[in-house]
Each structure stands twice: as structure tokens, then as C-alpha cells.
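J.: Below are the C-alpha cells for one structure; questions will follow.
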Protein chains: 2
Amino acid sequence: MIAIRISELGRTTGVPVPTIKYYLREGLLPAGAATAPNQAEYSETHVQRLRLVRVLREVGGLGIEAIRNIVAALEDPSRSRHQVLGVAHRALSPFGPGEPTDALDEVDGLLRRLGWQIAPSAPDRHGLAQALTSLRELGYEVDADVFLPYAQAVEPLAAQEVGGLPDDAQAAVEHAVVGTVVYGAALTALRRLAQEHHSAQRRGETPRLP
Amino acid sequence: MIAIRISELGRTTGVPVPTIKYYLREGLLPAGAATAPNQAEYSETHVQRLRLVRVLREVGGLGIEAIRNIVAALEDPSRSRHQVLGVAHRALSPFGPGEPTDALDEVDGLLRRLGWQIAPSAPDRHGLAQALTSLRELGYEVDADVFLPYAQAVEPLAAQEVGGLPDDAQAAVEHAVVGTVVYGAALTALRRLAQEHHSAQRRGETPRLP
């Protein structure tokens with residue numbers, strides 16, 4: 001175990017020292033080992049945690065409270081792999097628990113037809129219902145089956161992602177969070193790039209990538 | 001053309017009148033037709049636009065400036081369908097133009113191998129490079145090919161989405177924005193739900209959906 005000062009922790013991770021102090025106060029980072037009044041030493045664990053917090057903020061755009069929930073799950077050895085995945089999902093989903101609506105019934109019907117095993121507390125059920133309601137308010141005449149090709153596209157990815165999680169619950173939660181945030185951002189970026197490609201093809205563009 | 005007061009505009013769309021006034025000041029909504037000092041009438045166009053702005057804010061989480069750029073593209077009849085898709089993508093992508101990096105070279109290599117026609121100005125190239133860099137900083141030994149299954153999963157969706165855009169450029173930009181935002185949110189939600197399903201299956205859970 002290498003012991004380092006807070007200034008070195010900042011240099012190693014590229015996170016400014018005032019930001020590290022803020023994360024310490026907010027409980028996103030465990031306290032260092034006190035070596036003198038107003039002085040503490042930090043370890044490789046802090047380096048790794050700080051990099052995770054930075055990715056969650058910069059790539060995932062998560063707020064302090066969402067990160068705090070994830071960090072609490074990371075430090076709770078009593079949770080199973082399935083439970084920590086649930087904690088990560090609930091921290092990452094922007095959707096709160098909503099009211100039962102017709103749109104939610106339709107979404108649940110789609111999930112049943114897909115044969116997916118989903119907890120009633122999953123916030124993303126409400127997210128899908130909200131997406132369906134939004135489309136209808138904008139005048140698009142669609143039902144929940146409009147999401148079917150999207151579900152079929154992500155299912156093999158999700159199977160591979162979950163299959164690749166380590167057995168250890170704490171390692172699994174970090175993997176799950178990183179995977180959901182970083183590969184989620186990549187998936188969104190790739191979809192827009194693929195749209196650009198197909199739009200360029202339709203108008204007979206020649207490739208322009210350097 | 002039905003003419004309505006601002007209060008009715010609020011009731012119809014569920015957007016509070018002070019918020020409508022804020023959108024008018026910020027240029028997200030065109031001014032109504034003045035009928036008297038401090039009084040104006042609004043039309044069906046305003047209703048539709050206001051619903052779009054609400055979806056961009058609530059489902060897409062977009063800021064005022066990103067929405068202003070989209071609205072400007074909506075009102076510029078000189079742009080082609082391909083150009084308005086580009087404007088929508090640049091407004092929606094959280095990634096700014098970045099510095100050239102080794103990770104960016106690797107991402108461009110992947111896009112070339114995929115045969116995708118991508119403009120050098122596409123911000124999502126930098127987004128993918130940032131995702132790759134983040135994974136490496138967190139200790140994952142990956143190269144750009146790790147994104148290949150994600151690219152292959154979204155490509156048929158993107159082809160369908162672009163193929164479904166109306167020919168009219170202004171209708172196309174609204175479709176493209178709504179599609180990118182709302183189906184993007186749906187795709188993210190479905191990926192998490194599919195992960196939950198596969199995680200539940202691995203531990204032999206029985207279905208729990210109501």
C-alpha cells in the first residue's frame with residue numbers, strides 16, 4: 001500500500017485539490033489516514049475511487065447525490081450482485097417513480113411480451129411510459145410496439161454486459177456502473193454517428209473523415 | 001388558424017404562463033400576433049412548438065442554448081435535410097470539439113472499418129474517444145473495437161430512423177430531434193431494463209412485474 005499526500009492524489013488523477021476536499025466533505029471519497037492535525041495520507045483505493053467519481057460526473061453527467069448512492073452501494077458488502085445492479089440503475093435513471101397511467105400499462109405489456117423479468121420498482125418503466133406519452137403529445141400515432149426494435153437491438157448487448165460482470169459483488173458494482181455510464185454514452189454517440197452516415201449516403205456524399 | 005390567448009396556450013400544453021413568457025424572451029417561441037398593448041394571440045404552431053420545447057427539456061434534459069440552436073434550424077428554410085440533422089446532433093451532443101488524441105485516431109479507425117461517412121466536425125467522434133480514455137484510466141484494457149457490437153446494434157436502427165424522415169427539411173428536423181431525444185431516452189431505458197432481466201435470470205429470479 002503506497003501512502004500519498006492529497007497534492008499527489010490531485011496530480012495523479014487530474015482532479016484539483018479543492019474538488020477532492022469537496023468530495024471528501026460530501027462523502028464521495030473515504031477519509032484518508034490522519035498523520036497529523038490537518039494532514040492525511042491516501043492510498044491506491046482513493047486514486048481508483050476518484051477516477052470513478054470523475055467519470056460519473058464528466059461522462060455520466062451525474063449529480064453529487066446520485067454518486068453518493070453509488071458509492072454507498074460500493075461500500076456495502078452485504079448486497080448481492082443483482083442488488084448492486086439495481087442500485088446503480090436507480091442512481092443512473094433520471095426517472096422517478098411515476099403514477100400508474102395507460103402508457104405504463106402498455107409498456108408493461110411490451111415487457112411481458114418480451115419475456116423480461118423486471119421489478120415493479122424499476123424507474124425505467126416510467127421512463128419508457130414518459131417517452132410514449134411525449135411522442136403522442138407531439139402528434140405521433142404510436143403504441144409501445146414502436147420500441148420493439150430498440151429492445152431487440154439492446155438485448156444481446158445487455159446479455160453480454162451482465163455475463164461479463166465479475167462474481168465479486170463490489171467489483172461487479174463498479175463494473176456495472178462504469179459499463180452503464182461509459183458504454184451508454186458510447187451507444188448514444190454511435191447512434192448519432194450511424195444516423196449521420198445513413199443521411200450522408202442518402203444524398204450521395206463522399207466520405208469526409210480525415 | 002385558431003387564435004388563442006397565452007392563458008389558453010398554457011392550459012393546452014401544461015406549461016405555466018411565466019415559463020411561456022420566459023421562452024418568448026429567450027427566443028424559443030416566436031412572438032404572437034399583437035392585438036393590443038401587452039396582449040397577443042397565439043396559434044396552433046405555438047402549441048406544437050411549446051410541446052417540442054417541453055419534450056427537449058424534460059425528456060432530453062437540454063439547456064436553453066441547445067434548444068435555441070435547434071429552434072433556429074427549424075426556422076431556417078435554406079438548410080437541407082442532412083444539414084438540419086447535423087445541427088440537431090451538434091445541439092444534442094454534450095461533447096465539444098476536442099484536441100486530436102491517440103484515442104481519437106483509434107475511434108476514426110473504427111469508423112473507417114465500419115465504412116461510415118462521418119464529417120470531421122462531428123462532436124460524437126470526440127465523445128467516443130473520451131469514453132475510450134475513461135475506460136483506460138479506470139484500468140480496463142480495451143481498444144476501440146470494444147465499441148464494435150454497440151455500433152452494429154445501432155446501425156439498423158439508425159438506417160430505419162433516417163429512412164423514415166419526411167422529405168420536407170423543416171418537418172425532417174423536428175422528426176430528427178424528437179427521434180434522437182425520445183428514442184435515445186427509450187434506448188437507454190431499455191438497455192438498463194434488459195440488463196435487469198438478464199441479471200435476474202442469472203440468479204434464477206421469478207418474474208415480478210405486476
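Chain identifiers are assigned as A, B, and so on, following the order in which chains appear in the C-alpha cells; residues are numbered from 1 within each chain, and ligands are numbered from 1 in order of appearance.
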For chain B versus chain A, which residues have an atom no more than 7 Å away, and what is each residue's nearest atom pair and distance in Å rounded to one decimal, using only C-alpha atoms, chain-then-number order, as a Markdown table?
T.:
| residue | atom | partner | partner_atom | distance |
| --- | --- | --- | --- | --- |
| B:Gln48 | CA | A:Leu138 | CA | 6.8 |
| B:Arg51 | CA | A:Leu138 | CA | 6.4 |
| B:Leu52 | CA | A:Leu138 | CA | 6.8 |
| B:Val55 | CA | A:Ser134 | CA | 6.5 |
| B:His82 | CA | A:Ser199 | CA | 5.9 |
| B:His89 | CA | A:Arg192 | CA | 6.7 |
| B:Trp116 | CA | A:His197 | CA | 5.3 |
| B:Gln117 | CA | A:His197 | CA | 4.7 |
| B:Ile118 | CA | A:Leu209 | CA | 5.6 |
| B:Ala119 | CA | A:Arg208 | CA | 5.5 |
| B:Pro120 | CA | A:Leu209 | CA | 5.3 |
| B:Asp124 | CA | A:Ala189 | CA | 5.1 |
| B:Gly127 | CA | A:Ala189 | CA | 6.6 |
| B:Leu128 | CA | A:Ala186 | CA | 5.6 |
| B:Ala131 | CA | A:Val182 | CA | 5.7 |
| B:Ser134 | CA | A:Val55 | CA | 6.5 |
| B:Leu138 | CA | A:Arg51 | CA | 6.4 |
| B:Tyr150 | CA | A:Leu187 | CA | 5.9 |
| B:Ala151 | CA | A:Leu190 | CA | 5.8 |
| B:Ala153 | CA | A:Ala153 | CA | 5.2 |
| B:Val154 | CA | A:Arg191 | CA | 5.5 |
| B:Glu155 | CA | A:Ala194 | CA | 5.6 |
| B:Ala158 | CA | A:Gln195 | CA | 4.8 |
| B:Ala159 | CA | A:His198 | CA | 5.8 |
| B:Val162 | CA | A:Ser199 | CA | 6.2 |
| B:Val182 | CA | A:Ala131 | CA | 5.7 |
| B:Gly184 | CA | A:Thr188 | CA | 6.8 |
| B:Ala186 | CA | A:Leu128 | CA | 5.6 |
| B:Leu187 | CA | A:Tyr150 | CA | 5.9 |
| B:Thr188 | CA | A:Gly184 | CA | 6.8 |
| B:Ala189 | CA | A:Asp124 | CA | 5.1 |
| B:Leu190 | CA | A:Ala151 | CA | 5.8 |
| B:Arg191 | CA | A:Val154 | CA | 5.4 |
| B:Arg192 | CA | A:His89 | CA | 6.7 |
| B:Leu193 | CA | A:Ile118 | CA | 6.8 |
| B:Ala194 | CA | A:Glu155 | CA | 5.6 |
| B:Gln195 | CA | A:Ala158 | CA | 4.8 |
| B:Glu196 | CA | A:Ile118 | CA | 6.5 |
| B:His197 | CA | A:Gln117 | CA | 4.7 |
| B:His198 | CA | A:Ala159 | CA | 5.8 |
| B:Ser199 | CA | A:His82 | CA | 6.0 |
| B:Ala200 | CA | A:Gln117 | CA | 6.6 |
| B:Pro207 | CA | A:Gln117 | CA | 4.7 |
| B:Arg208 | CA | A:Ala119 | CA | 5.5 |
| B:Leu209 | CA | A:Pro120 | CA | 5.3 |
| B:Pro210 | CA | A:Pro120 | CA | 6.5 |
J.: If you run DSSP over the backbone, which residues in region 76-125 of chain A end up alpha helix (DSSP H)? Put them as number ranges by chain.
T.: A: 81-92, 102-114, 123-125
J.: Return the single residue from A:Ala34, A:Val71, A:Val15, A:Ala144 that is closest to Leu104 (chain A), with distances computed using only C-alpha atoms.
T.: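 Nearest to Leu104 (chain A): A:Ala144.
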J.: If you measure from CA of Pro18 (chain B) to CA of Arg136 (chain A), what distance in Å do you get, rounded to one decimal?
T.: 24.8 Å
J.: Take CA of Asn38 (chain B) and CA of Pro16 (chain B) and report the distance between them in Å, one decimal.
T.: 17.8 Å
J.: Applying 12 Å and only C-alpha atoms, which residues near Ala72 (chain A) remain after dropping the ones on its own chain fewer than 6 positions away? List them as a ChimeraX atom specification.
T.: /A:26-30,65-66,78-79,84,87-88,91,170,173-174
J.: Take the residues from that selection and put them in a file with C-alpha atoms, as an mmCIF file, in the first residue's frame.
T.:
data_model
loop_
_atom_site.group_PDB
_atom_site.id
_atom_site.type_symbol
_atom_site.label_atom_id
_atom_site.label_comp_id
_atom_site.auth_asym_id
_atom_site.auth_seq_id
_atom_site.Cartn_x
_atom_site.Cartn_y
_atom_site.Cartn_z
ATOM 1 C CA GLU A 26 -19.659 15.209 0.589
ATOM 2 C CA GLY A 27 -18.685 11.620 1.398
ATOM 3 C CA LEU A 28 -17.900 10.587 -2.185
ATOM 4 C CA LEU A 29 -14.371 9.678 -1.124
ATOM 5 C CA PRO A 30 -13.445 7.939 2.175
ATOM 6 C CA GLU A 65 -26.450 12.687 -4.673
ATOM 7 C CA ALA A 66 -26.583 10.024 -7.409
ATOM 8 C CA SER A 78 -23.992 -7.256 2.201
ATOM 9 C CA ARG A 79 -25.534 -6.599 -1.197
ATOM 10 C CA VAL A 84 -25.994 -3.571 -6.670
ATOM 11 C CA VAL A 87 -28.817 0.422 -7.011
ATOM 12 C CA ALA A 88 -26.677 1.536 -9.949
ATOM 13 C CA ALA A 91 -28.938 6.106 -9.290
ATOM 14 C CA GLN A 170 -18.118 -4.943 -5.053
ATOM 15 C CA VAL A 173 -20.987 -2.784 -8.926
ATOM 16 C CA GLU A 174 -18.041 -0.784 -10.217
#
